[in-house]
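Source file: model.tsv (TSV, C-alpha atoms (C1' of nucleotides))
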```tsv
chain	number	residue	atom	x	y	z
A	10	MET	CA	86.50	106.96	89.27
A	11	ASP	CA	89.68	106.97	87.31
A	12	ASP	CA	88.95	105.74	83.83
A	13	THR	CA	91.94	107.59	82.40
A	14	ARG	CA	93.72	105.66	79.72
A	15	TRP	CA	97.32	106.31	80.66
A	16	LEU	CA	100.09	106.16	78.14
A	17	ASP	CA	101.91	102.88	77.78
A	18	ARG	CA	105.67	102.59	77.50
A	19	ARG	CA	105.88	102.99	73.75
A	20	GLN	CA	103.63	106.00	73.86
A	21	MET	CA	105.60	107.57	76.69
A	22	ALA	CA	108.82	106.96	74.81
A	23	ALA	CA	107.40	108.89	71.88
A	24	TRP	CA	105.82	111.59	74.01
A	25	VAL	CA	108.84	112.52	76.12
A	26	ARG	CA	110.95	112.88	73.00
A	27	PHE	CA	108.30	114.83	71.19
A	28	VAL	CA	107.99	117.22	74.10
A	29	ALA	CA	111.74	117.69	73.98
A	30	VAL	CA	111.53	118.49	70.29
A	31	LEU	CA	108.73	120.96	70.95
A	32	GLU	CA	110.84	122.65	73.63
A	33	LEU	CA	114.19	122.66	71.91
A	34	VAL	CA	113.69	123.14	68.19
A	35	PRO	CA	112.11	126.60	68.37
A	36	GLY	CA	115.03	127.77	70.46
A	37	VAL	CA	117.51	126.53	67.90
A	38	LEU	CA	115.70	128.24	65.05
A	39	ASP	CA	115.35	131.46	66.99
A	40	SER	CA	118.89	131.71	68.17
A	41	GLN	CA	120.43	131.08	64.76
A	42	LEU	CA	118.23	133.70	63.14
A	43	ARG	CA	118.68	136.23	65.90
A	44	ARG	CA	122.41	135.80	66.00
A	45	ASP	CA	122.96	135.89	62.26
A	46	SER	CA	120.16	138.14	61.07
A	47	GLY	CA	118.52	139.85	64.00
A	48	VAL	CA	115.06	138.39	63.50
A	49	THR	CA	113.08	135.78	65.36
A	50	HIS	CA	111.90	132.69	63.59
A	51	PHE	CA	108.35	133.91	63.79
A	52	GLU	CA	109.25	137.23	62.19
A	53	TYR	CA	111.12	135.36	59.49
A	54	PHE	CA	108.21	133.07	58.86
A	55	VAL	CA	105.77	135.95	58.62
A	56	MET	CA	107.96	137.70	56.09
A	57	ALA	CA	108.42	134.45	54.20
A	58	GLU	CA	104.67	134.10	53.86
A	59	LEU	CA	104.38	137.66	52.66
A	60	SER	CA	107.17	137.17	50.16
A	61	GLU	CA	105.25	134.39	48.47
A	62	ALA	CA	102.03	136.35	48.22
A	63	PRO	CA	101.14	138.38	45.14
A	64	ALA	CA	102.62	141.86	45.46
A	65	GLY	CA	104.07	140.77	48.77
A	66	THR	CA	100.74	141.71	50.27
A	67	MET	CA	98.26	139.94	52.50
A	68	ARG	CA	95.41	140.80	54.79
A	69	MET	CA	96.29	140.54	58.46
A	70	THR	CA	93.80	137.78	59.17
A	71	GLU	CA	94.95	135.75	56.22
A	72	LEU	CA	98.57	136.24	57.25
A	73	ALA	CA	97.77	135.20	60.79
A	74	GLY	CA	96.32	131.97	59.47
A	75	ALA	CA	99.30	131.31	57.26
A	76	ALA	CA	101.68	131.93	60.13
A	77	ASN	CA	99.69	129.87	62.64
A	78	ALA	CA	99.29	132.79	64.95
A	79	THR	CA	96.62	134.80	66.68
A	80	LEU	CA	95.73	138.15	65.24
A	81	SER	CA	96.98	139.81	68.38
A	82	ARG	CA	100.39	138.27	68.18
A	83	LEU	CA	100.64	139.09	64.52
A	84	SER	CA	99.59	142.67	65.10
A	85	HIS	CA	102.38	143.21	67.62
A	86	VAL	CA	104.95	141.57	65.39
A	87	VAL	CA	103.94	143.48	62.29
A	88	ALA	CA	104.14	146.66	64.31
A	89	ARG	CA	107.73	145.79	65.19
A	90	LEU	CA	108.56	144.87	61.61
A	91	GLU	CA	107.02	148.08	60.42
A	92	GLY	CA	109.16	150.00	62.86
A	93	ARG	CA	112.21	148.40	61.28
A	94	GLY	CA	111.04	149.20	57.79
A	95	CYS	CA	110.53	145.59	56.73
A	96	VAL	CA	106.77	145.75	56.34
A	97	GLU	CA	104.18	148.42	55.63
A	98	ARG	CA	100.57	148.50	56.69
A	99	SER	CA	97.75	150.20	54.87
A	100	PRO	CA	93.99	150.07	55.24
A	101	CYS	CA	92.38	147.77	52.71
A	102	PRO	CA	90.50	149.78	50.08
A	103	GLU	CA	87.73	147.23	49.53
A	104	ASN	CA	87.03	146.62	53.17
A	105	GLY	CA	87.25	149.45	55.63
A	106	ARG	CA	87.95	147.27	58.62
A	107	ALA	CA	90.70	145.19	57.04
A	108	THR	CA	94.41	145.98	56.95
A	109	ASN	CA	96.92	144.98	54.32
A	110	ALA	CA	100.49	144.13	55.21
A	111	ARG	CA	103.10	144.43	52.48
A	112	LEU	CA	106.70	143.32	52.47
A	113	THR	CA	108.92	146.28	51.61
A	114	GLU	CA	112.02	146.06	49.48
A	115	GLY	CA	114.04	146.37	52.66
A	116	GLY	CA	112.20	143.41	54.10
A	117	ARG	CA	112.78	141.40	50.98
A	118	GLU	CA	116.45	142.23	51.16
A	119	LYS	CA	116.60	141.06	54.75
A	120	MET	CA	114.98	137.80	53.71
A	121	ARG	CA	117.50	137.22	50.96
A	122	ALA	CA	120.29	137.72	53.46
A	123	ALA	CA	118.77	135.50	56.13
A	124	ALA	CA	117.47	132.64	54.00
A	125	PRO	CA	120.65	130.66	53.32
A	126	GLY	CA	121.65	130.47	56.97
A	127	HIS	CA	118.14	129.58	57.99
A	128	VAL	CA	117.79	126.83	55.41
A	129	ALA	CA	121.13	125.44	56.50
A	130	THR	CA	119.88	125.28	60.08
A	131	VAL	CA	116.68	123.60	59.06
A	132	ARG	CA	118.68	121.04	57.13
A	133	ARG	CA	121.26	120.45	59.80
A	134	HIS	CA	118.77	119.85	62.56
A	135	VAL	CA	115.74	118.45	60.82
A	136	ILE	CA	115.64	117.60	57.15
A	137	ASP	CA	119.12	116.18	56.69
A	138	VAL	CA	119.03	114.06	59.81
A	139	LEU	CA	115.97	112.25	58.50
A	140	THR	CA	115.76	109.68	55.75
A	141	PRO	CA	113.50	110.53	52.82
A	142	GLU	CA	110.94	108.09	54.18
A	143	GLN	CA	111.06	109.81	57.53
A	144	VAL	CA	110.44	113.15	55.86
A	145	THR	CA	107.33	111.65	54.34
A	146	GLN	CA	106.33	110.17	57.66
A	147	LEU	CA	106.81	113.51	59.37
A	148	THR	CA	104.46	115.10	56.85
A	149	ALA	CA	101.77	112.55	57.57
A	150	ILE	CA	102.26	112.72	61.33
A	151	SER	CA	102.12	116.51	61.32
A	152	ASP	CA	99.00	116.43	59.20
A	153	ALA	CA	97.31	114.11	61.63
A	154	ILE	CA	98.19	116.28	64.59
A	155	LEU	CA	97.18	119.50	62.85
A	156	GLY	CA	93.94	117.92	61.79
A	157	SER	CA	93.03	117.38	65.42
A	158	ILE	CA	93.92	120.93	66.37
A	159	ALA	CA	92.47	123.00	63.56
A	160	PRO	CA	89.69	120.70	62.41
A	161	VAL	CA	88.62	122.90	59.55
A	162	GLY	CA	90.91	125.78	60.27
A	163	PRO	CA	91.38	128.49	57.70
A	164	MET	CA	94.89	127.25	57.14
A	165	ALA	CA	94.14	123.58	56.58
A	166	GLU	CA	94.33	124.29	52.88
A	167	SER	CA	97.48	126.34	52.99
A	168	TYR	CA	99.67	123.45	54.06
A	169	ARG	CA	98.92	121.68	50.82
A	170	ARG	CA	100.72	124.40	48.95
A	171	TYR	CA	103.87	122.37	48.53
A	172	ASP	CA	102.28	119.02	48.00
A	173	GLU	CA	103.21	116.83	45.08
A	174	PRO	CA	101.78	118.23	41.87
A	175	VAL	CA	101.30	114.64	40.75
A	176	ASP	CA	100.36	112.42	43.61
A	177	GLU	CA	102.42	109.27	43.43
A	178	SER	CA	102.82	107.08	46.48
A	179	SER	CA	105.87	104.94	46.93
B	18	MET	CA	128.16	132.56	45.54
B	19	ASP	CA	124.92	130.88	46.39
B	20	ASP	CA	125.58	127.24	46.96
B	21	THR	CA	122.59	126.91	49.25
B	22	ARG	CA	120.77	123.64	48.88
B	23	TRP	CA	117.20	124.80	49.01
B	24	LEU	CA	114.40	122.54	50.13
B	25	ASP	CA	112.56	120.63	47.45
B	26	ARG	CA	108.79	120.27	47.36
B	27	ARG	CA	108.58	117.20	49.54
B	28	GLN	CA	110.85	118.75	52.09
B	29	MET	CA	108.91	122.00	52.09
B	30	ALA	CA	105.67	120.08	52.50
B	31	ALA	CA	107.10	118.46	55.61
B	32	TRP	CA	108.69	121.62	56.91
B	33	VAL	CA	105.68	123.93	56.72
B	34	ARG	CA	103.59	121.40	58.57
B	35	PHE	CA	106.24	120.75	61.14
B	36	VAL	CA	106.57	124.46	61.79
B	37	ALA	CA	102.83	124.62	62.28
B	38	VAL	CA	103.03	121.78	64.78
B	39	LEU	CA	105.84	123.55	66.59
B	40	GLU	CA	103.75	126.74	66.80
B	41	LEU	CA	100.38	125.24	67.66
B	42	VAL	CA	100.88	122.23	69.88
B	43	PRO	CA	102.49	124.05	72.79
B	44	GLY	CA	99.59	126.47	72.81
B	45	VAL	CA	97.09	123.64	72.98
B	46	LEU	CA	98.90	121.98	75.86
B	47	ASP	CA	99.27	125.24	77.73
B	48	SER	CA	95.74	126.41	77.38
B	49	GLN	CA	94.18	123.15	78.49
B	50	LEU	CA	96.38	122.98	81.56
B	51	ARG	CA	95.97	126.64	82.43
B	52	ARG	CA	92.24	126.54	82.02
B	53	ASP	CA	91.66	123.31	83.92
B	54	SER	CA	94.48	123.35	86.46
B	55	GLY	CA	96.14	126.74	86.52
B	56	VAL	CA	99.58	125.57	85.47
B	57	THR	CA	101.56	125.90	82.29
B	58	HIS	CA	102.70	122.85	80.43
B	59	PHE	CA	106.27	123.57	81.40
B	60	GLU	CA	105.38	123.80	85.07
B	61	TYR	CA	103.48	120.56	84.76
B	62	PHE	CA	106.39	118.87	83.07
B	63	VAL	CA	108.85	120.04	85.69
B	64	MET	CA	106.64	118.71	88.46
B	65	ALA	CA	106.14	115.47	86.54
B	66	GLU	CA	109.89	114.97	86.38
B	67	LEU	CA	110.19	115.66	90.07
B	68	SER	CA	107.39	113.28	90.89
B	69	GLU	CA	109.27	110.42	89.28
B	70	ALA	CA	112.53	111.14	91.09
B	71	PRO	CA	113.41	109.43	94.35
B	72	ALA	CA	111.96	111.41	97.26
B	73	GLY	CA	110.49	113.79	94.70
B	74	THR	CA	113.84	115.53	94.78
B	75	MET	CA	116.33	116.59	92.13
B	76	ARG	CA	119.18	118.99	91.77
B	77	MET	CA	118.34	122.06	89.74
B	78	THR	CA	120.80	121.30	86.97
B	79	GLU	CA	119.61	117.74	86.65
B	80	LEU	CA	116.01	118.91	86.58
B	81	ALA	CA	116.83	121.49	83.94
B	82	GLY	CA	118.26	118.75	81.76
B	83	ALA	CA	115.25	116.51	82.28
B	84	ALA	CA	112.90	119.35	81.43
B	85	ASN	CA	114.88	120.52	78.39
B	86	ALA	CA	115.33	123.98	79.83
B	87	THR	CA	118.01	126.43	80.71
B	88	LEU	CA	118.93	126.80	84.34
B	89	SER	CA	117.70	130.36	84.26
B	90	ARG	CA	114.27	129.46	83.03
B	91	LEU	CA	114.01	126.66	85.54
B	92	SER	CA	115.09	128.91	88.36
B	93	HIS	CA	112.33	131.41	87.62
B	94	VAL	CA	109.73	128.68	87.30
B	95	VAL	CA	110.74	126.90	90.46
B	96	ALA	CA	110.58	130.22	92.27
B	97	ARG	CA	106.98	130.59	91.08
B	98	LEU	CA	106.11	127.02	92.02
B	99	GLU	CA	107.68	127.53	95.41
B	100	GLY	CA	105.55	130.62	95.90
B	101	ARG	CA	102.49	128.49	95.28
B	102	GLY	CA	103.65	125.81	97.68
B	103	CYS	CA	104.12	123.12	95.04
B	104	VAL	CA	107.87	122.84	95.35
B	105	GLU	CA	110.46	123.50	98.03
B	106	ARG	CA	114.09	124.44	97.56
B	107	SER	CA	116.90	123.66	99.94
B	108	PRO	CA	120.66	123.88	99.67
B	109	CYS	CA	122.22	120.54	98.87
B	110	PRO	CA	124.09	119.18	101.90
B	111	GLU	CA	126.83	117.44	99.91
B	112	ASN	CA	127.57	120.31	97.61
B	113	GLY	CA	127.43	123.84	98.88
B	114	ARG	CA	126.69	125.41	95.56
B	115	ALA	CA	123.92	123.03	94.51
B	116	THR	CA	120.23	123.38	95.25
B	117	ASN	CA	117.68	120.62	95.65
B	118	ALA	CA	114.13	121.02	94.48
B	119	ARG	CA	111.51	118.81	96.08
B	120	LEU	CA	107.89	118.28	95.13
B	121	THR	CA	105.69	118.98	98.14
B	122	GLU	CA	102.58	117.04	98.99
B	123	GLY	CA	100.58	119.99	97.72
B	124	GLY	CA	102.42	119.79	94.43
B	125	ARG	CA	101.81	116.09	94.21
B	126	GLU	CA	98.13	116.66	94.84
B	127	LYS	CA	98.00	119.23	92.08
B	128	MET	CA	99.60	116.73	89.72
B	129	ARG	CA	97.07	114.05	90.56
B	130	ALA	CA	94.31	116.50	89.80
B	131	ALA	CA	95.82	117.75	86.55
B	132	ALA	CA	97.10	114.50	85.09
B	133	PRO	CA	93.90	112.95	83.70
B	134	GLY	CA	92.93	116.04	81.76
B	135	HIS	CA	96.42	116.48	80.46
B	136	VAL	CA	96.75	112.88	79.31
B	137	ALA	CA	93.40	113.18	77.60
B	138	THR	CA	94.66	116.22	75.71
B	139	VAL	CA	97.85	114.49	74.71
B	140	ARG	CA	95.84	111.56	73.44
B	141	ARG	CA	93.25	113.64	71.65
B	142	HIS	CA	95.76	115.74	69.75
B	143	VAL	CA	98.77	113.51	69.37
B	144	ILE	CA	98.85	109.88	70.42
B	145	ASP	CA	95.36	108.82	69.42
B	146	VAL	CA	95.45	110.51	66.03
B	147	LEU	CA	98.50	108.46	65.08
B	148	THR	CA	98.70	104.81	64.18
B	149	PRO	CA	100.94	102.64	66.33
B	150	GLU	CA	103.49	102.63	63.53
B	151	GLN	CA	103.39	106.40	63.40
B	152	VAL	CA	104.03	106.56	67.12
B	153	THR	CA	107.13	104.47	66.55
B	154	GLN	CA	108.13	106.66	63.63
B	155	LEU	CA	107.68	109.77	65.72
B	156	THR	CA	110.02	108.33	68.32
B	157	ALA	CA	112.71	107.71	65.73
B	158	ILE	CA	112.23	111.07	64.06
B	159	SER	CA	112.40	112.91	67.36
B	160	ASP	CA	115.49	110.98	68.32
B	161	ALA	CA	117.19	111.97	65.11
B	162	ILE	CA	116.34	115.62	65.57
B	163	LEU	CA	117.35	115.65	69.21
B	164	GLY	CA	120.58	113.94	68.33
B	165	SER	CA	121.49	116.85	66.08
B	166	ILE	CA	120.64	119.41	68.72
B	167	ALA	CA	122.09	117.94	71.90
B	168	PRO	CA	124.92	115.88	70.42
B	169	VAL	CA	126.01	114.44	73.73
B	170	GLY	CA	123.68	116.40	75.90
B	171	PRO	CA	123.21	115.45	79.52
B	172	MET	CA	119.68	114.40	78.74
B	173	ALA	CA	120.40	112.14	75.80
B	174	GLU	CA	120.18	109.25	78.21
B	175	SER	CA	117.06	110.38	79.97
B	176	TYR	CA	114.83	109.91	76.94
B	177	ARG	CA	115.57	106.22	77.00
B	178	ARG	CA	113.79	105.96	80.29
B	179	TYR	CA	110.63	104.60	78.75
B	180	ASP	CA	112.23	102.39	76.17
B	181	GLU	CA	111.32	98.77	75.74
B	182	PRO	CA	112.41	96.56	78.63
B	183	VAL	CA	110.62	96.35	81.94
B	184	ASP	CA	113.86	96.60	83.82
B	185	GLU	CA	112.90	99.48	86.01
B	186	SER	CA	114.24	99.39	89.54
B	187	SER	CA	113.96	102.07	92.17
C	29	DC	C1'	66.96	155.55	60.00
C	30	DG	C1'	68.34	153.32	64.63
C	31	DG	C1'	69.93	149.13	67.06
C	32	DT	C1'	72.08	145.13	67.70
C	33	DG	C1'	75.52	141.94	66.41
C	34	DT	C1'	79.59	140.25	64.30
C	35	DG	C1'	84.09	140.78	61.89
C	36	DA	C1'	88.90	142.91	61.67
C	37	DG	C1'	92.46	144.92	64.17
C	38	DT	C1'	94.74	147.35	67.75
C	39	DT	C1'	96.23	148.23	72.33
C	40	DG	C1'	98.00	147.88	77.22
C	41	DA	C1'	98.92	145.11	81.02
C	42	DA	C1'	100.44	140.91	82.87
C	43	DG	C1'	103.10	136.83	82.46
C	44	DC	C1'	106.85	133.95	80.82
C	45	DT	C1'	111.43	133.44	78.58
C	46	DT	C1'	115.90	135.08	77.34
C	47	DC	C1'	120.02	137.41	78.07
C	48	DA	C1'	123.74	139.01	80.56
C	49	DA	C1'	125.71	140.04	84.76
C	50	DC	C1'	126.49	138.50	89.12
C	51	DC	C1'	127.61	135.80	93.61
C	52	DG	C1'	129.28	132.00	96.25
C	53	DT	C1'	131.50	127.47	96.14
C	54	DC	C1'	134.57	123.91	94.62
C	55	DC	C1'	138.72	122.35	92.23
C	56	DC	C1'	143.41	122.59	90.92
C	57	DG	C1'	148.17	123.90	90.02
C	58	DT	C1'	151.98	125.91	92.04
D	25	DA	C1'	147.48	128.15	101.06
D	26	DC	C1'	146.01	130.80	97.60
D	27	DG	C1'	144.59	132.69	93.22
D	28	DG	C1'	142.39	131.68	89.03
D	29	DG	C1'	138.88	129.05	86.79
D	30	DA	C1'	134.93	126.46	86.32
D	31	DC	C1'	130.56	124.98	88.34
D	32	DG	C1'	125.76	125.85	90.16
D	33	DG	C1'	122.51	128.93	90.65
D	34	DT	C1'	120.06	133.40	91.08
D	35	DT	C1'	118.59	137.89	89.67
D	36	DG	C1'	116.81	142.03	86.99
D	37	DA	C1'	115.89	143.98	82.74
D	38	DA	C1'	114.36	143.57	78.18
D	39	DG	C1'	111.63	141.22	74.82
D	40	DC	C1'	107.83	138.44	73.15
D	41	DT	C1'	103.22	136.29	73.82
D	42	DT	C1'	98.77	136.08	75.88
D	43	DC	C1'	94.62	137.89	77.53
D	44	DA	C1'	90.95	140.92	77.82
D	45	DA	C1'	89.11	145.16	76.66
D	46	DC	C1'	88.27	148.32	73.17
D	47	DT	C1'	87.55	150.69	68.55
D	48	DC	C1'	85.73	151.04	64.13
D	49	DA	C1'	83.33	149.14	60.07
D	50	DC	C1'	79.94	146.31	57.79
D	51	DA	C1'	75.46	143.83	57.89
D	52	DC	C1'	71.05	142.82	58.75
D	53	DC	C1'	66.51	143.37	61.11
D	54	DG	C1'	62.82	146.03	62.21
```

Could I get this file's structure written as structure tokens?
Amino acid sequence: MDDTRWLDRRQMAAWVRFVAVLELVPGVLDSQLRRDSGVTHFEYFVMAELSEAPAGTMRMTELAGAANATLSRLSHVVARLEGRGCVERSPCPENGRATNARLTEGGREKMRAAAPGHVATVRRHVIDVLTPEQVTQLTAISDAILGSIAPVGPMAESYRRYDEPVDESS
Amino acid sequence: MDDTRWLDRRQMAAWVRFVAVLELVPGVLDSQLRRDSGVTHFEYFVMAELSEAPAGTMRMTELAGAANATLSRLSHVVARLEGRGCVERSPCPENGRATNARLTEGGREKMRAAAPGHVATVRRHVIDVLTPEQVTQLTAISDAILGSIAPVGPMAESYRRYDEPVDESS
DNA sequence: CGGTGTGAGTTGAAGCTTCAACCGTCCCGT
DNA sequence: ACGGGACGGTTGAAGCTTCAACTCACACCG
């Protein structure tokens, strides 16, 4: 009847902590950004992706992939950002059903203002509390987890963006 | 002016993936549980904590700590669970301002039904895609991150619950 | 052409979380 | 004994995400 393979102690130890991280970290990121810059972490991340794209422009679907979000969620968020003048939408000339989102100068300015505080938060709570080896381990662990979630997802490639130009293992 | 220490390539590689994990994993947990058992992951987790407490009972504040949530969020969720007959609330006899939450038999039944599918999901997307060493690494990494978020939080201790020894008494 | 199907986005409602204000209880100093 | 805090919890509104339905455009088949 019950052939469930339950988690053993070591696995539970990892899982309860990981769940806590999943619950708490987003809140920390959000509250720092909202308090200091009036944006959510997701809004920030979306604008960050746009800011790295050529001409600050991306198709909605592509942007959704890059931001790990559904098209619906992205659509709502971009609508909000557009209302605040951070982003502009325009129909894609080549493809009548597609929409392009572009980061405005105002949006770029907001990013410049928000970035230092955000990076500091990321360091304080994640990067700087880990050893360099742990940072590497976190990359591998995240890759493994993501691989099981988005087997051949459209974004699989996009994570590699910051990988070592010259692959040298230690 | 700008003395921000930006993230280097290795750090960015870790961060973008970690952000993706933070965005995607909760959705996976939620949708499996909602589809198969009609509960959110947070509801499940709250009931799981209750189910391990003596008499299936905990004070709201204690439960909030165990579930990594604010009291407000917990209060809303427990109200929902109470409406569905999974949990019961009663004023704490010893302390007039405290409230006890207790898992009902119905709630316990729901847990029994939901647990196998949930554990399978946790394995499929997290535990089983990692090597045993990575599971250990994830524990340490999560601990480090949590330590920077809840410096001396009330829960700091509760994560240790599943640590090594078999010294569990009830 | 017309028809069916799929891709790209948008929208509105419903649900959950967050935020701030609030109420009752307990503790403590005077 | 009493008035101010602090503690424990609840509540309602506002905000964000999810879900399902819907629109419009391209594509391909006959």

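Once chain B is fitted to chain A over the full set of C-alpha atoms, matched in order, the RMSD stands at 3.2 Å.
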
Could you give me, as a Markdown table, every chain A residue with an atom at most 9 Å from chain D, plus its closest atom pair and distance in Å to one decimal, counting all atoms listed in the file, rows ordered by chain then number?
```
| residue | atom | partner | partner_atom | distance |
| --- | --- | --- | --- | --- |
| A:Ser81 | CA | D:DT42 | C1' | 8.6 |
| A:Arg82 | CA | D:DT41 | C1' | 6.6 |
| A:Val86 | CA | D:DC40 | C1' | 8.8 |
| A:Asn104 | CA | D:DA49 | C1' | 8.2 |
| A:Gly105 | CA | D:DA49 | C1' | 5.9 |
| A:Arg106 | CA | D:DA49 | C1' | 5.2 |
| A:Ala107 | CA | D:DA49 | C1' | 8.9 |
```

What does the distance from atom CA of Ser84 of chain A to atom C1' of DC47 of chain C come to in Å, to one decimal?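 Distance between the two atoms: 24.8 Å.
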
For chain C, the closest of B:Glu126, B:Asp20, B:Glu60, B:Asp25 counting all atoms listed in the file is B:Glu60

Kindly determine which residues of chain C lie within 8 Å of chain A, considering all atoms listed in the file, and give the answer as a ChimeraX atom specification. /C:36-38

Can I get the selected residues back with C-alpha atoms (C1' of nucleotides), as a short mmCIF file (atom, residue, chain, number, x, y, z; two decimals), keeping the file's coordinate frame?
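In the end it all went to out30.cif:
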```cif
data_model
loop_
_atom_site.label_atom_id
_atom_site.label_comp_id
_atom_site.auth_asym_id
_atom_site.auth_seq_id
_atom_site.Cartn_x
_atom_site.Cartn_y
_atom_site.Cartn_z
"C1'" DA C 36 88.90 142.91 61.67
"C1'" DG C 37 92.46 144.92 64.17
"C1'" DT C 38 94.74 147.35 67.75
#
```

Find the distance between atom CA of Leu33 of chain A and atom CA of Met21 of chain A and write it in Å to one decimal.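 Atom CA of Met21 of chain A lies at a distance of 18.0 Å from atom CA of Leu33 of chain A.
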
Could you make a table, as a Markdown table, of the residues of chain B that have an atom within 7 Å of an atom of chain A, each with its nearest atom pair and distance in Å to one decimal, counting all atoms listed in the file, in chain and number order?
```
| residue | atom | partner | partner_atom | distance |
| --- | --- | --- | --- | --- |
| B:Thr21 | CA | A:Pro125 | CA | 5.9 |
| B:Trp23 | CA | A:Val128 | CA | 6.7 |
| B:Arg26 | CA | A:Tyr171 | CA | 5.5 |
| B:Arg27 | CA | A:Asp172 | CA | 6.7 |
| B:Gln28 | CA | A:Val144 | CA | 6.8 |
| B:Met29 | CA | A:Tyr171 | CA | 6.2 |
| B:Ala30 | CA | A:Tyr171 | CA | 4.9 |
| B:Ala31 | CA | A:Thr148 | CA | 4.4 |
| B:Val33 | CA | A:Tyr168 | CA | 6.6 |
| B:Arg34 | CA | A:Ser151 | CA | 5.8 |
| B:Phe35 | CA | A:Ser151 | CA | 5.9 |
| B:Ala37 | CA | A:Asn77 | CA | 6.1 |
| B:Val38 | CA | A:Ser151 | CA | 6.4 |
| B:Leu39 | CA | A:Leu31 | CA | 5.8 |
| B:Glu40 | CA | A:Asn77 | CA | 6.6 |
| B:Leu41 | CA | A:Asn77 | CA | 6.9 |
| B:Asn85 | CA | A:Ala29 | CA | 6.1 |
| B:Pro133 | CA | A:Thr13 | CA | 5.9 |
| B:Val136 | CA | A:Trp15 | CA | 6.7 |
| B:His142 | CA | A:Ser157 | CA | 5.4 |
| B:Val143 | CA | A:Ile154 | CA | 5.6 |
| B:Val146 | CA | A:Ala153 | CA | 6.0 |
| B:Leu147 | CA | A:Ala153 | CA | 6.7 |
| B:Gln151 | CA | A:Ile150 | CA | 6.7 |
| B:Val152 | CA | A:Ala23 | CA | 6.3 |
| B:Thr153 | CA | A:Ala23 | CA | 6.9 |
| B:Leu155 | CA | A:Ala23 | CA | 6.2 |
| B:Thr156 | CA | A:Ala23 | CA | 4.5 |
| B:Ile158 | CA | A:Gln143 | CA | 6.8 |
| B:Ser159 | CA | A:Arg26 | CA | 5.8 |
| B:Asp160 | CA | A:Arg26 | CA | 6.8 |
| B:Ala161 | CA | A:Val138 | CA | 6.0 |
| B:Ile162 | CA | A:Val135 | CA | 5.6 |
| B:Leu163 | CA | A:Val30 | CA | 6.6 |
| B:Ser165 | CA | A:His134 | CA | 5.4 |
| B:Ile166 | CA | A:His134 | CA | 6.5 |
| B:Tyr176 | CA | A:Arg26 | CA | 6.3 |
| B:Tyr179 | CA | A:Ala22 | CA | 4.9 |
| B:Asp180 | CA | A:Ala22 | CA | 5.9 |
```

Provide the atom CA of Glu97 of chain A to atom CA of Arg111 of chain A distance in Å, to one decimal place.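 Atom CA of Arg111 of chain A lies 5.2 Å from atom CA of Glu97 of chain A.
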
Starting from 6 Å padding per side, set up an axis-aligned box that covers all listed atoms of segment 32-42 of chain C and hand over centre and edge lengths in Å, one decimal, as JSON.
```
{"center_x": 86.3, "center_y": 144.2, "center_z": 72.3, "size_x": 40.4, "size_y": 20.0, "size_z": 33.2}
```
